[in-house]
$ cat model-v1.txt   # compact mmCIF, C-alpha atoms
# COMPACT_ATOMS: atom_id res chain seq x y z
CA MET Q 121 316.32 81.66 263.61
CA ASP Q 122 313.73 82.69 266.16
CA THR Q 123 315.66 85.56 267.71
CA LEU Q 124 316.44 87.05 264.34
CA ALA Q 125 312.86 86.84 263.17
CA LYS Q 126 311.75 88.74 266.24
CA GLN Q 127 314.08 91.68 265.60
CA GLU Q 128 312.70 94.87 264.15
CA PRO Q 129 313.62 95.20 260.49
CA VAL Q 130 316.07 98.11 260.41
CA VAL Q 131 317.39 99.75 257.27
CA GLY Q 132 320.99 98.78 256.58
CA GLN Q 133 320.94 96.00 259.17
CA ARG Q 134 320.96 92.32 258.41
CA PRO Q 135 322.48 89.30 260.19
CA ILE Q 136 326.27 89.44 259.92
CA GLY Q 137 328.01 86.06 260.19
CA ARG Q 138 331.25 85.45 262.05
CA LEU Q 139 333.32 84.92 258.93
CA GLU Q 140 332.05 88.12 257.36
CA LEU Q 141 332.75 89.96 260.60
CA PHE Q 142 336.32 88.69 260.66
CA LEU Q 143 336.96 89.40 256.99
CA GLY Q 144 335.47 92.89 257.16
CA PHE Q 145 337.64 93.91 260.08
CA ALA Q 146 340.69 92.20 258.59
CA GLU Q 147 340.16 94.38 255.53
CA MET Q 148 340.03 97.51 257.70
CA GLY Q 149 343.20 96.57 259.59
CA LEU Q 150 345.13 95.59 256.49
CA PHE Q 151 344.32 98.68 254.43
CA GLY Q 152 344.16 101.15 257.30
CA PHE Q 153 347.35 103.07 256.62
CA GLY Q 154 347.81 106.11 258.84
CA GLY Q 155 344.93 105.05 261.11
CA VAL Q 156 341.80 103.03 260.47
CA ALA Q 157 339.09 105.71 260.77
CA THR Q 158 338.69 106.50 257.05
CA ILE Q 159 338.71 102.95 255.73
CA ALA Q 160 336.46 101.73 258.57
CA ARG Q 161 333.62 104.05 257.57
CA HIS Q 162 334.05 103.05 253.93
CA VAL Q 163 333.92 99.31 254.64
CA ILE Q 164 331.15 99.36 257.26
CA VAL Q 165 328.79 101.89 255.70
CA GLU Q 166 329.46 101.88 251.95
CA LYS Q 167 331.05 98.62 250.92
CA ARG Q 168 329.54 95.99 253.21
CA ARG Q 169 326.49 98.00 254.29
CA TRP Q 170 326.53 96.64 257.82
CA MET Q 171 324.83 99.71 259.21
CA SER Q 172 323.56 103.14 258.22
CA GLU Q 173 325.72 106.25 258.30
CA HIS Q 174 323.68 107.51 261.24
CA ASP Q 175 324.06 104.33 263.31
CA TYR Q 176 327.77 104.22 262.57
CA ALA Q 177 328.28 107.84 263.62
CA ALA Q 178 326.39 107.15 266.86
CA ILE Q 179 328.46 104.11 267.74
CA LEU Q 180 331.70 105.93 266.87
CA GLY Q 181 330.61 108.87 269.01
CA VAL Q 182 330.09 106.62 272.02
CA GLY Q 183 333.47 104.98 271.30
CA GLN Q 184 335.08 108.40 271.33
CA ILE Q 185 334.02 109.48 274.80
CA LEU Q 186 335.08 106.17 276.37
CA PRO Q 187 338.69 105.42 277.27
CA GLY Q 188 340.60 103.37 274.71
CA GLY Q 189 340.99 103.91 270.99
CA ASN Q 190 337.69 104.92 269.38
CA ILE Q 191 338.23 102.41 266.56
CA ILE Q 192 338.94 99.61 269.04
CA ASN Q 193 335.82 100.56 271.02
CA MET Q 194 333.71 100.73 267.86
CA THR Q 195 335.10 97.32 266.80
CA VAL Q 196 334.15 95.51 270.01
CA MET Q 197 330.73 97.21 270.19
CA LEU Q 198 329.95 96.22 266.60
CA GLY Q 199 331.23 92.67 267.12
CA ASP Q 200 329.09 92.36 270.25
CA ARG Q 201 326.02 93.71 268.48
CA PHE Q 202 326.27 91.23 265.59
CA GLN Q 203 327.65 88.11 267.30
CA GLY Q 204 327.82 88.67 271.06
CA LEU Q 205 331.05 88.48 273.06
CA ALA Q 206 332.59 86.01 270.61
CA GLY Q 207 331.86 88.57 267.90
CA SER Q 208 333.86 91.19 269.80
CA ALA Q 209 336.86 88.89 269.97
CA ILE Q 210 336.50 87.91 266.31
CA ALA Q 211 336.25 91.51 265.14
CA LEU Q 212 339.21 92.60 267.27
CA GLY Q 213 341.29 89.65 266.06
CA GLY Q 214 340.42 90.46 262.46
CA LEU Q 215 341.41 94.08 262.96
CA MET Q 216 344.72 93.43 264.70
CA LEU Q 217 346.30 90.11 263.71
CA MET Q 218 347.60 91.01 260.27
CA PRO Q 219 348.79 94.52 261.19
CA ILE Q 220 350.74 93.15 264.16
CA ALA Q 221 352.35 90.50 261.93
CA ILE Q 222 353.26 93.22 259.41
CA LEU Q 223 354.65 95.40 262.19
CA LEU Q 224 356.90 92.59 263.43
CA GLY Q 225 357.98 91.90 259.84
CA LEU Q 226 358.93 95.55 259.33
CA THR Q 227 360.82 95.57 262.64
CA THR Q 228 362.76 92.44 261.69
CA ILE Q 229 363.60 93.79 258.25
CA TYR Q 230 364.72 97.02 259.86
CA GLU Q 231 366.99 95.19 262.30
CA VAL Q 232 368.67 93.23 259.51
CA TYR Q 233 369.61 96.42 257.69
CA SER Q 234 370.02 98.76 260.65
CA SER Q 235 373.81 99.01 260.28
CA ASN Q 236 373.40 100.45 256.78
CA PRO Q 237 373.99 104.24 257.04
CA ASP Q 238 371.22 105.00 254.53
CA VAL Q 239 368.71 102.99 256.59
CA LYS Q 240 369.84 104.78 259.75
CA ALA Q 241 369.44 108.19 258.12
CA ALA Q 242 366.07 107.21 256.62
CA THR Q 243 364.83 106.12 260.05
CA ILE Q 244 365.78 109.44 261.60
CA GLY Q 245 364.00 111.29 258.78
CA ALA Q 246 360.93 109.06 258.98
CA GLY Q 247 360.82 109.45 262.77
CA ALA Q 248 360.86 113.23 262.43
CA ALA Q 249 358.15 113.10 259.77
CA ALA Q 250 355.99 110.76 261.87
CA ALA Q 251 356.20 113.20 264.80
CA GLY Q 252 355.32 116.07 262.48
CA LEU Q 253 352.28 114.14 261.21
CA VAL Q 254 350.89 113.93 264.72
CA ILE Q 255 351.42 117.67 265.33
CA GLY Q 256 349.76 118.48 261.99
CA MET Q 257 346.85 116.15 262.73
CA GLY Q 258 346.31 117.82 266.10
CA LEU Q 259 346.36 121.32 264.62
CA LYS Q 260 343.97 120.32 261.83
CA MET Q 261 341.63 118.79 264.38
CA GLY Q 262 341.74 122.01 266.41
CA TYR Q 263 340.92 124.06 263.33
CA ASN Q 264 337.99 121.79 262.36
CA LEU Q 265 336.57 121.81 265.88
CA SER Q 266 336.51 125.63 266.04
CA LEU Q 267 336.94 125.61 269.80
CA SER Q 268 335.71 128.22 272.26
CA TRP Q 269 338.31 130.21 274.23
CA LEU Q 270 337.47 128.14 277.28
CA HIS Q 271 338.23 124.91 275.43
CA ILE Q 272 341.40 126.34 273.90
CA ALA Q 273 342.55 127.13 277.45
CA PHE Q 274 341.95 123.51 278.49
CA ALA Q 275 343.74 122.18 275.40
CA VAL Q 276 346.77 124.39 276.16
CA THR Q 277 346.76 123.42 279.85
CA ILE Q 278 346.82 119.67 279.20
CA PHE Q 279 349.40 120.21 276.45
CA ILE Q 280 351.72 121.94 278.95
CA ALA Q 281 351.05 119.27 281.59
CA ALA Q 282 351.85 116.43 279.18
CA ALA Q 283 354.62 117.86 277.01
CA VAL Q 284 356.41 120.35 279.27
CA LEU Q 285 355.80 119.39 282.89
CA ARG Q 286 355.52 115.65 282.11
CA VAL Q 287 352.73 115.17 284.62
CA PRO Q 288 351.59 111.51 284.69
CA PHE Q 289 348.69 111.02 282.30
CA VAL Q 290 346.31 109.54 284.87
CA LEU Q 291 346.75 112.52 287.16
CA SER Q 292 346.21 115.16 284.49
CA ILE Q 293 343.15 113.46 282.99
CA VAL Q 294 341.57 112.75 286.39
CA ILE Q 295 341.93 116.43 287.34
CA LEU Q 296 341.27 118.13 284.01
CA ALA Q 297 338.44 116.02 282.56
CA PRO Q 298 335.96 116.77 285.38
CA LEU Q 299 337.06 120.42 285.42
CA CYS Q 300 336.57 120.74 281.68
CA ILE Q 301 333.15 119.06 281.84
CA ALA Q 302 332.10 121.33 284.74
CA ALA Q 303 333.38 124.46 282.99
CA THR Q 304 331.62 123.47 279.76
CA TRP Q 305 328.38 122.91 281.68
CA TRP Q 306 328.79 126.25 283.50
CA SER Q 307 329.51 128.19 280.30
CA THR Q 308 326.54 126.68 278.39
CA ARG Q 309 323.94 126.62 281.17
CA LYS Q 310 320.73 128.48 280.54
CA MET I 202 364.18 91.87 286.32
CA SER I 203 363.19 88.35 285.28
CA ASP I 204 361.13 87.90 282.13
CA ASP I 205 358.01 86.94 284.06
CA ALA I 206 358.29 90.02 286.22
CA LEU I 207 358.76 92.17 283.12
CA VAL I 208 355.70 90.67 281.42
CA LEU I 209 353.67 91.28 284.56
CA LYS I 210 354.91 94.85 284.82
CA LEU I 211 354.03 95.48 281.16
CA ALA I 212 350.54 94.09 281.69
CA MET I 213 349.94 96.17 284.82
CA THR I 214 351.37 99.36 283.33
CA PHE I 215 349.33 99.28 280.13
CA GLY I 216 346.29 97.69 281.77
CA ALA I 217 346.01 100.61 284.19
CA LEU I 218 346.41 103.09 281.34
CA SER I 219 343.75 101.37 279.26
CA LEU I 220 340.91 102.49 281.53
CA VAL I 221 341.90 106.16 281.51
CA SER I 222 343.21 106.44 277.95
CA VAL I 223 340.78 109.10 276.78
CA GLY I 224 341.61 109.94 273.17
CA GLY I 225 343.19 106.58 272.45
CA ALA I 226 346.77 105.88 271.44
CA PRO I 227 347.70 109.19 269.78
CA ALA I 228 346.85 111.03 273.00
CA MET I 229 348.79 108.54 275.11
CA MET I 230 352.17 108.94 273.44
CA PRO I 231 353.59 111.41 276.02
CA GLU I 232 352.70 108.92 278.75
CA ILE I 233 354.18 105.98 276.84
CA HIS I 234 357.37 108.01 276.36
CA ARG I 235 357.40 108.95 280.06
CA ILE I 236 357.01 105.30 281.08
CA THR I 237 359.28 103.60 278.55
CA VAL I 238 362.09 106.16 278.32
CA GLU I 239 362.05 108.23 281.52
CA ALA I 240 360.64 105.97 284.25
CA THR I 241 361.85 102.49 283.29
CA GLY I 242 364.61 103.01 280.74
CA TRP I 243 363.11 100.24 278.58
CA LEU I 244 363.88 102.29 275.47
CA THR I 245 366.29 105.09 274.60
CA ASN I 246 364.99 108.25 272.98
CA ALA I 247 366.30 107.07 269.60
CA GLU I 248 364.64 103.66 269.98
CA PHE I 249 361.35 105.29 270.98
CA ALA I 250 361.44 107.51 267.88
CA ARG I 251 362.37 104.57 265.65
CA ASP I 252 359.56 102.36 267.00
CA PHE I 253 357.07 105.19 266.66
CA ALA I 254 358.08 105.68 263.02
CA ILE I 255 357.85 101.94 262.28
CA SER I 256 354.43 101.64 263.91
CA GLN I 257 353.15 104.65 261.94
CA THR I 258 354.31 103.02 258.70
CA ALA I 259 352.47 99.75 259.31
CA PRO I 260 348.73 99.58 258.61
CA GLY I 261 346.22 99.01 261.39
CA PRO I 262 345.06 100.73 264.57
CA ASN I 263 347.63 103.24 265.77
CA PHE I 264 347.97 101.95 269.31
CA MET I 265 350.22 99.16 267.98
CA MET I 266 353.22 101.11 269.24
CA ILE I 267 352.28 99.52 272.57
CA SER I 268 352.52 96.03 271.03
CA LEU I 269 355.96 96.90 269.72
CA VAL I 270 357.11 98.16 273.12
CA GLY I 271 355.97 94.83 274.62
CA TRP I 272 357.93 92.96 271.95
CA ARG I 273 361.11 95.00 272.62
CA VAL I 274 360.91 94.56 276.39
CA ALA I 275 359.95 90.89 276.73
CA GLY I 276 359.68 89.23 273.31
CA PHE I 277 356.53 87.45 272.18
CA ALA I 278 355.09 87.10 275.70
CA GLY I 279 355.63 90.83 276.17
CA LEU I 280 353.88 91.58 272.89
CA VAL I 281 350.82 89.54 273.86
CA ALA I 282 350.73 90.94 277.41
CA ALA I 283 351.10 94.58 276.39
CA THR I 284 348.56 94.29 273.56
CA LEU I 285 345.90 92.53 275.64
CA ALA I 286 346.48 94.83 278.61
CA ALA I 287 346.03 97.88 276.40
CA VAL I 288 342.87 96.58 274.73
CA VAL I 289 340.90 94.31 277.05
CA PRO I 290 339.96 96.59 280.01
CA SER I 291 338.70 99.44 277.82
CA SER I 292 336.95 96.93 275.53
CA ILE I 293 335.00 95.39 278.40
CA LEU I 294 333.80 98.85 279.35
CA ALA I 295 332.92 99.57 275.70
CA ILE I 296 330.87 96.37 275.42
CA ILE I 297 328.94 97.21 278.57
CA VAL I 298 328.26 100.76 277.41
CA GLY I 299 327.50 99.49 273.88
CA ARG I 300 324.70 97.33 275.25
CA LEU I 301 323.25 100.32 277.09
CA TYR I 302 324.12 102.93 274.54
CA THR I 303 320.67 103.94 273.36
CA ARG I 304 319.92 104.80 276.98
CA PHE I 305 323.26 106.59 277.45
CA SER I 306 322.99 108.71 274.35
CA LEU I 307 319.64 110.07 275.49
CA MET I 308 321.00 111.20 278.82
CA ALA I 309 321.56 114.90 279.38
CA TRP I 310 325.24 114.56 280.25
CA PHE I 311 326.14 112.70 277.08
CA PRO I 312 326.41 115.73 274.74
CA LEU I 313 328.15 117.64 277.53
CA VAL I 314 330.88 115.03 277.93
CA LYS I 315 331.06 114.68 274.15
CA SER I 316 331.83 118.38 273.74
CA ALA I 317 334.15 118.65 276.76
CA LEU I 318 336.58 115.85 275.92
CA PRO I 319 337.82 116.80 272.40
CA PRO I 320 339.83 119.84 273.60
CA LEU I 321 341.72 117.64 276.08
CA VAL I 322 342.32 114.98 273.45
CA LEU I 323 343.53 117.65 271.06
CA GLY I 324 346.00 119.06 273.60
CA LEU I 325 347.31 115.55 274.26
CA ILE I 326 347.71 114.79 270.56
CA VAL I 327 349.77 117.92 269.92
CA ALA I 328 351.79 117.04 273.06
CA SER I 329 352.36 113.56 271.56
CA GLY I 330 353.80 115.12 268.44
CA VAL I 331 356.07 117.45 270.38
CA VAL I 332 357.32 114.77 272.76
CA THR I 333 357.99 112.38 269.88
CA ALA I 334 359.68 115.12 267.85
CA ARG I 335 361.98 115.93 270.75
CA ALA I 336 362.88 112.23 270.99
CA ALA I 337 363.40 111.90 267.24
CA VAL I 338 365.37 114.92 266.16
CA SER I 339 368.13 117.28 266.97
CA GLY I 340 369.28 120.16 264.83
CA VAL I 341 367.80 122.37 262.18
CA LEU I 342 367.32 119.64 259.59
CA GLY I 343 365.21 117.45 261.88
CA PHE I 344 363.18 120.47 262.92
CA GLY I 345 362.62 121.28 259.23
CA ILE I 346 361.35 117.77 258.51
CA VAL I 347 358.96 117.95 261.49
CA MET I 348 357.58 121.30 260.31
CA ALA I 349 357.27 120.20 256.68
CA SER I 350 355.45 117.02 257.65
CA ALA I 351 353.12 118.87 260.05
CA SER I 352 352.24 121.38 257.33
CA PHE I 353 351.65 118.58 254.83
CA VAL I 354 349.01 116.95 257.05
CA ALA I 355 347.46 120.21 258.18
CA LEU I 356 347.10 121.62 254.67
CA SER I 357 346.43 118.64 252.39
CA ARG I 358 344.17 115.62 252.39
CA ARG I 359 346.71 113.28 250.80
CA ASN I 360 347.81 110.02 252.36
CA PRO I 361 350.09 110.77 255.37
CA LEU I 362 352.46 108.02 254.22
CA PHE I 363 353.77 110.46 251.60
CA ALA I 364 355.12 112.61 254.44
CA ILE I 365 356.87 109.66 256.07
CA ALA I 366 358.39 108.64 252.74
CA GLY I 367 359.47 112.24 252.17
CA GLY I 368 361.05 112.38 255.62
CA ALA I 369 362.94 109.14 254.97
CA ALA I 370 364.18 110.46 251.60
CA ALA I 371 365.29 113.74 253.18
CA GLY I 372 367.12 111.74 255.87
CA ILE I 373 368.98 109.65 253.27
CA LEU I 374 369.89 112.75 251.28
CA ALA I 375 371.15 114.52 254.39
CA GLY I 376 373.12 111.42 255.39
CA ARG I 377 374.78 111.19 251.96
CA LEU I 378 375.69 114.86 252.16
CA GLY I 379 377.18 114.31 255.62
CA LEU I 380 374.64 116.52 257.39
CA ILE I 381 373.52 113.96 259.98
$ encode --input "model-v1.txt" --output "structure tokens"
Amino acid sequence: MDTLAKQEPVVGQRPIGRLELFLGFAEMGLFGFGGVATIARHVIVEKRRWMSEHDYAAILGVGQILPGGNIINMTVMLGDRFQGLAGSAIALGGLMLMPIAILLGLTTIYEVYSSNPDVKAATIGAGAAAAGLVIGMGLKMGYNLSLSWLHIAFAVTIFIAAAVLRVPFVLSIVILAPLCIAATWWSTRK
Amino acid sequence: MSDDALVLKLAMTFGALSLVSVGGAPAMMPEIHRITVEATGWLTNAEFARDFAISQTAPGPNFMMISLVGWRVAGFAGLVAATLAAVVPSSILAIIVGRLYTRFSLMAWFPLVKSALPPLVLGLIVASGVVTARAAVSGVLGFGIVMASASFVALSRRNPLFAIAGGAAAGILAGRLGLI
């Protein structure tokens, strides 16, 4: 194709068809237990070699600062890059269709057996563990980020707003995000 | 409320959230709890905790809790409405930014925003865990499972599903012993 021939040859980049796009993202959705981030990097960079590590990190970084899940954002940006708007829809469909079907299957199975006391007890235990996972993930993230005192103060403030005071999310993010950006700028200015 | 009105309310609620959901689904859990349990009464605390556990067990992106809430509130139409509302607005923004991203990433404010947002996301994620834990457990045993599971993730690199399986096993054991 003309348009493809005109593109600069970039390492780790070749035309990605719609079927491959769908199958690749379906693979990430289906095997992405406990979040998709780990498997997504593996499939995109190592297994299918759609893009280089550097390009992938850049696109994930942009996805992270935008609203919405960073994996969802990365998925639509990648789909758009390879196959335009249709590619975004195809990639997103690939990522989500099977997991949603599995989720509904699990819910239905659960409802059939929900009167069983063992299932009830297991659900309470699993719910507690799932909550603990999120706390642990947050703490690990905080450790890995090695935050400044300023940033720790912002993390604690939004934690109190969300978990203790139950301030609506929109309000706390609209107030705290600009403040945190301004304070970060002020503390790092030269 | 009629089903149509419910579907519309789901779409508007999650659609509005989509454009401000910095940090994605894990950071949004306190807000989803506030909306579904406190503001609308769509779910009880126990149902919220159960749905959160089920959605963590399934593979796929972790915002699917929102799909499940849609399903609980208004069936299949609710599932489709909640899912699309949560995904489409932020995706449109992502596509626009994606097309401009080489320009964006060279701008001076980009690294600034990139370093200023993680602390907020982090605070929201820990808040998610605490809010969900409060919905899920009561008593010393539940607290113990939360702490054990948090330590497991914080200190090891193993698959988090082990912690959920361990929590379920501890729950069954406690149930058999008459502790819960």
$ closest_atom_pairs --input "model-v1.txt" --of "segment 200-294 of chain Q" --to "segment 259-275 of chain I" --cutoff "7 Å" --atoms "all atoms listed in the file" --output "JSON lines"
{"residue": "Q:Met216", "atom": "CA", "partner": "I:Gly261", "partner_atom": "CA", "distance": 6.7}
{"residue": "Q:Pro219", "atom": "CA", "partner": "I:Gly261", "partner_atom": "CA", "distance": 5.2}
{"residue": "Q:Ile222", "atom": "CA", "partner": "I:Ala259", "partner_atom": "CA", "distance": 6.6}
{"residue": "Q:Leu223", "atom": "CA", "partner": "I:Ala259", "partner_atom": "CA", "distance": 5.7}
$ closest_residue --input "model-v1.txt" --among "Q:Pro288, Q:Gly144, Q:Tyr230, Q:Arg309" --to "Ala240 of chain I" --atoms "all atoms listed in the file"
Q:Pro288
$ residues_around --input "model-v1.txt" --residues "segment 158-170 of chain Q" --least-positions-apart "6" --cutoff "12 Å" --atoms "all atoms listed in the file" --output "short mmCIF file (atom, residue, chain, number, x, y, z; two decimals) with C-alpha atoms, in the coordinates of the input"
data_model
loop_
_atom_site.label_atom_id
_atom_site.label_comp_id
_atom_site.auth_asym_id
_atom_site.auth_seq_id
_atom_site.Cartn_x
_atom_site.Cartn_y
_atom_site.Cartn_z
CA VAL Q 130 316.07 98.11 260.41
CA VAL Q 131 317.39 99.75 257.27
CA GLY Q 132 320.99 98.78 256.58
CA GLN Q 133 320.94 96.00 259.17
CA ARG Q 134 320.96 92.32 258.41
CA PRO Q 135 322.48 89.30 260.19
CA ILE Q 136 326.27 89.44 259.92
CA GLY Q 137 328.01 86.06 260.19
CA GLU Q 140 332.05 88.12 257.36
CA LEU Q 141 332.75 89.96 260.60
CA LEU Q 143 336.96 89.40 256.99
CA GLY Q 144 335.47 92.89 257.16
CA PHE Q 145 337.64 93.91 260.08
CA ALA Q 146 340.69 92.20 258.59
CA GLU Q 147 340.16 94.38 255.53
CA MET Q 148 340.03 97.51 257.70
CA GLY Q 149 343.20 96.57 259.59
CA LEU Q 150 345.13 95.59 256.49
CA PHE Q 151 344.32 98.68 254.43
CA GLY Q 152 344.16 101.15 257.30
CA TYR Q 176 327.77 104.22 262.57
CA ALA Q 177 328.28 107.84 263.62
CA ILE Q 179 328.46 104.11 267.74
CA LEU Q 180 331.70 105.93 266.87
CA ASN Q 190 337.69 104.92 269.38
CA ILE Q 191 338.23 102.41 266.56
CA ILE Q 192 338.94 99.61 269.04
CA MET Q 194 333.71 100.73 267.86
CA THR Q 195 335.10 97.32 266.80
CA LEU Q 198 329.95 96.22 266.60
CA GLY Q 199 331.23 92.67 267.12
CA ARG Q 201 326.02 93.71 268.48
CA PHE Q 202 326.27 91.23 265.59
CA LEU Q 215 341.41 94.08 262.96
CA PRO I 260 348.73 99.58 258.61
CA GLY I 261 346.22 99.01 261.39
CA PRO I 262 345.06 100.73 264.57
CA ARG I 358 344.17 115.62 252.39
CA ASN I 360 347.81 110.02 252.36
#
$ closest_residue --input "model-v1.txt" --among "Q:Ala178, Q:Leu205, Q:Leu291, Q:Ala275" --to "chain I" --atoms "only C-alpha atoms"
Q:Ala275
$ closest_residue --input "model-v1.txt" --among "Q:Gly181, Q:Lys240, Q:Trp306, Q:Ala283" --to "Leu270 of chain Q" --atoms "only C-alpha atoms"
Q:Trp306
$ atom_distance --input "model-v1.txt" --atom1 "atom CA of Pro319 of chain I" --atom2 "atom CA of Leu267 of chain Q"
9.2 Å
$ residues_near_point --input "model-v1.txt" --point "(373.5, 111.6, 256.0)" --cutoff "10 Å" --atoms "all atoms listed in the file" --output "mmCIF file with C-alpha atoms, in the coordinates of the input"
data_model
loop_
_atom_site.group_PDB
_atom_site.id
_atom_site.type_symbol
_atom_site.label_atom_id
_atom_site.label_comp_id
_atom_site.auth_asym_id
_atom_site.auth_seq_id
_atom_site.Cartn_x
_atom_site.Cartn_y
_atom_site.Cartn_z
ATOM 1 C CA PRO Q 237 373.990 104.240 257.040
ATOM 2 C CA ASP Q 238 371.220 105.000 254.530
ATOM 3 C CA VAL Q 239 368.710 102.990 256.590
ATOM 4 C CA LYS Q 240 369.840 104.780 259.750
ATOM 5 C CA ALA Q 241 369.440 108.190 258.120
ATOM 6 C CA ALA Q 242 366.070 107.210 256.620
ATOM 7 C CA ILE Q 244 365.780 109.440 261.600
ATOM 8 C CA GLY Q 245 364.000 111.290 258.780
ATOM 9 C CA ALA I 371 365.290 113.740 253.180
ATOM 10 C CA GLY I 372 367.120 111.740 255.870
ATOM 11 C CA ILE I 373 368.980 109.650 253.270
ATOM 12 C CA LEU I 374 369.890 112.750 251.280
ATOM 13 C CA ALA I 375 371.150 114.520 254.390
ATOM 14 C CA GLY I 376 373.120 111.420 255.390
ATOM 15 C CA ARG I 377 374.780 111.190 251.960
ATOM 16 C CA LEU I 378 375.690 114.860 252.160
ATOM 17 C CA GLY I 379 377.180 114.310 255.620
ATOM 18 C CA LEU I 380 374.640 116.520 257.390
ATOM 19 C CA ILE I 381 373.520 113.960 259.980
#
$ residues_near_point --input "model-v1.txt" --point "(331.1, 123.8, 278.6)" --cutoff "10 Å" --atoms "all atoms listed in the file" --output "VMD selection string"
(chain Q and resid 268 270 to 271 299 to 309) or (chain I and resid 313 to 314 316 to 317)
$ atom_distance --input "model-v1.txt" --atom1 "atom CA of Gly330 of chain I" --atom2 "atom CA of Ala287 of chain I"
20.5 Å
$ residues_around --input "model-v1.txt" --residues "Ala247 of chain I" --least-positions-apart "4" --cutoff "12 Å" --atoms "all atoms listed in the file" --output "compact mmCIF listing (two decimals) with C-alpha atoms, in the frame of the given file"
# COMPACT_ATOMS: atom_id res chain seq x y z
CA LYS Q 240 369.84 104.78 259.75
CA ALA Q 241 369.44 108.19 258.12
CA THR Q 243 364.83 106.12 260.05
CA ILE Q 244 365.78 109.44 261.60
CA GLY Q 245 364.00 111.29 258.78
CA GLY Q 247 360.82 109.45 262.77
CA ALA Q 248 360.86 113.23 262.43
CA HIS I 234 357.37 108.01 276.36
CA THR I 237 359.28 103.60 278.55
CA VAL I 238 362.09 106.16 278.32
CA GLY I 242 364.61 103.01 280.74
CA TRP I 243 363.11 100.24 278.58
CA ARG I 251 362.37 104.57 265.65
CA ASP I 252 359.56 102.36 267.00
CA PHE I 253 357.07 105.19 266.66
CA ALA I 254 358.08 105.68 263.02
CA THR I 333 357.99 112.38 269.88
CA ALA I 334 359.68 115.12 267.85
CA ARG I 335 361.98 115.93 270.75
CA ALA I 336 362.88 112.23 270.99
CA ALA I 337 363.40 111.90 267.24
CA VAL I 338 365.37 114.92 266.16
CA SER I 339 368.13 117.28 266.97
$ atom_distance --input "model-v1.txt" --atom1 "atom CA of Val322 of chain I" --atom2 "atom CA of Gly188 of chain Q"
11.8 Å
$ residues_around --input "model-v1.txt" --residues "Lys210 of chain I" --least-positions-apart "4" --cutoff "12 Å" --atoms "only C-alpha atoms" --output "list in words"
Met202, Ser203, Asp204, Asp205, Ala206, Thr214, Phe215, Gly216, Ala217, Ile236, Thr237, Thr241, Trp243, Gly271, Val274, Ala275, Ala278, Gly279, Ala282, Ala283 and Ala286 of chain I
$ write_last_selection --input "model-v1.txt" --atoms "C-alpha atoms" --output "PDB file, keeping the file's coordinate frame"
ATOM      1  CA  MET I 202     364.180  91.870 286.320  1.00  0.00           C
ATOM      2  CA  SER I 203     363.190  88.350 285.280  1.00  0.00           C
ATOM      3  CA  ASP I 204     361.130  87.900 282.130  1.00  0.00           C
ATOM      4  CA  ASP I 205     358.010  86.940 284.060  1.00  0.00           C
ATOM      5  CA  ALA I 206     358.290  90.020 286.220  1.00  0.00           C
ATOM      6  CA  THR I 214     351.370  99.360 283.330  1.00  0.00           C
ATOM      7  CA  PHE I 215     349.330  99.280 280.130  1.00  0.00           C
ATOM      8  CA  GLY I 216     346.290  97.690 281.770  1.00  0.00           C
ATOM      9  CA  ALA I 217     346.010 100.610 284.190  1.00  0.00           C
ATOM     10  CA  ILE I 236     357.010 105.300 281.080  1.00  0.00           C
ATOM     11  CA  THR I 237     359.280 103.600 278.550  1.00  0.00           C
ATOM     12  CA  THR I 241     361.850 102.490 283.290  1.00  0.00           C
ATOM     13  CA  TRP I 243     363.110 100.240 278.580  1.00  0.00           C
ATOM     14  CA  GLY I 271     355.970  94.830 274.620  1.00  0.00           C
ATOM     15  CA  VAL I 274     360.910  94.560 276.390  1.00  0.00           C
ATOM     16  CA  ALA I 275     359.950  90.890 276.730  1.00  0.00           C
ATOM     17  CA  ALA I 278     355.090  87.100 275.700  1.00  0.00           C
ATOM     18  CA  GLY I 279     355.630  90.830 276.170  1.00  0.00           C
ATOM     19  CA  ALA I 282     350.730  90.940 277.410  1.00  0.00           C
ATOM     20  CA  ALA I 283     351.100  94.580 276.390  1.00  0.00           C
ATOM     21  CA  ALA I 286     346.480  94.830 278.610  1.00  0.00           C
TER      22      ALA I 286
END
$ closest_residue --input "model-v1.txt" --among "I:Ala351, I:Ala366, I:Ala295, I:Leu280" --to "Val208 of chain I" --atoms "all atoms listed in the file"
I:Leu280
$ residues_around --input "model-v1.txt" --residues "Met257 of chain Q" --least-positions-apart "6" --cutoff "9 Å" --atoms "only C-alpha atoms" --output "ChimeraX atom specification"
/I:326-327,351,354-355
$ closest_residue --input "model-v1.txt" --among "I:Val341, I:Leu244, I:Leu301, I:Pro361" --to "chain Q" --atoms "all atoms listed in the file"
I:Pro361
$ closest_residue --input "model-v1.txt" --among "Q:Leu224, Q:Ile278, Q:Val294, Q:Met171" --to "Ala228 of chain I" --atoms "all atoms listed in the file"
Q:Ile278
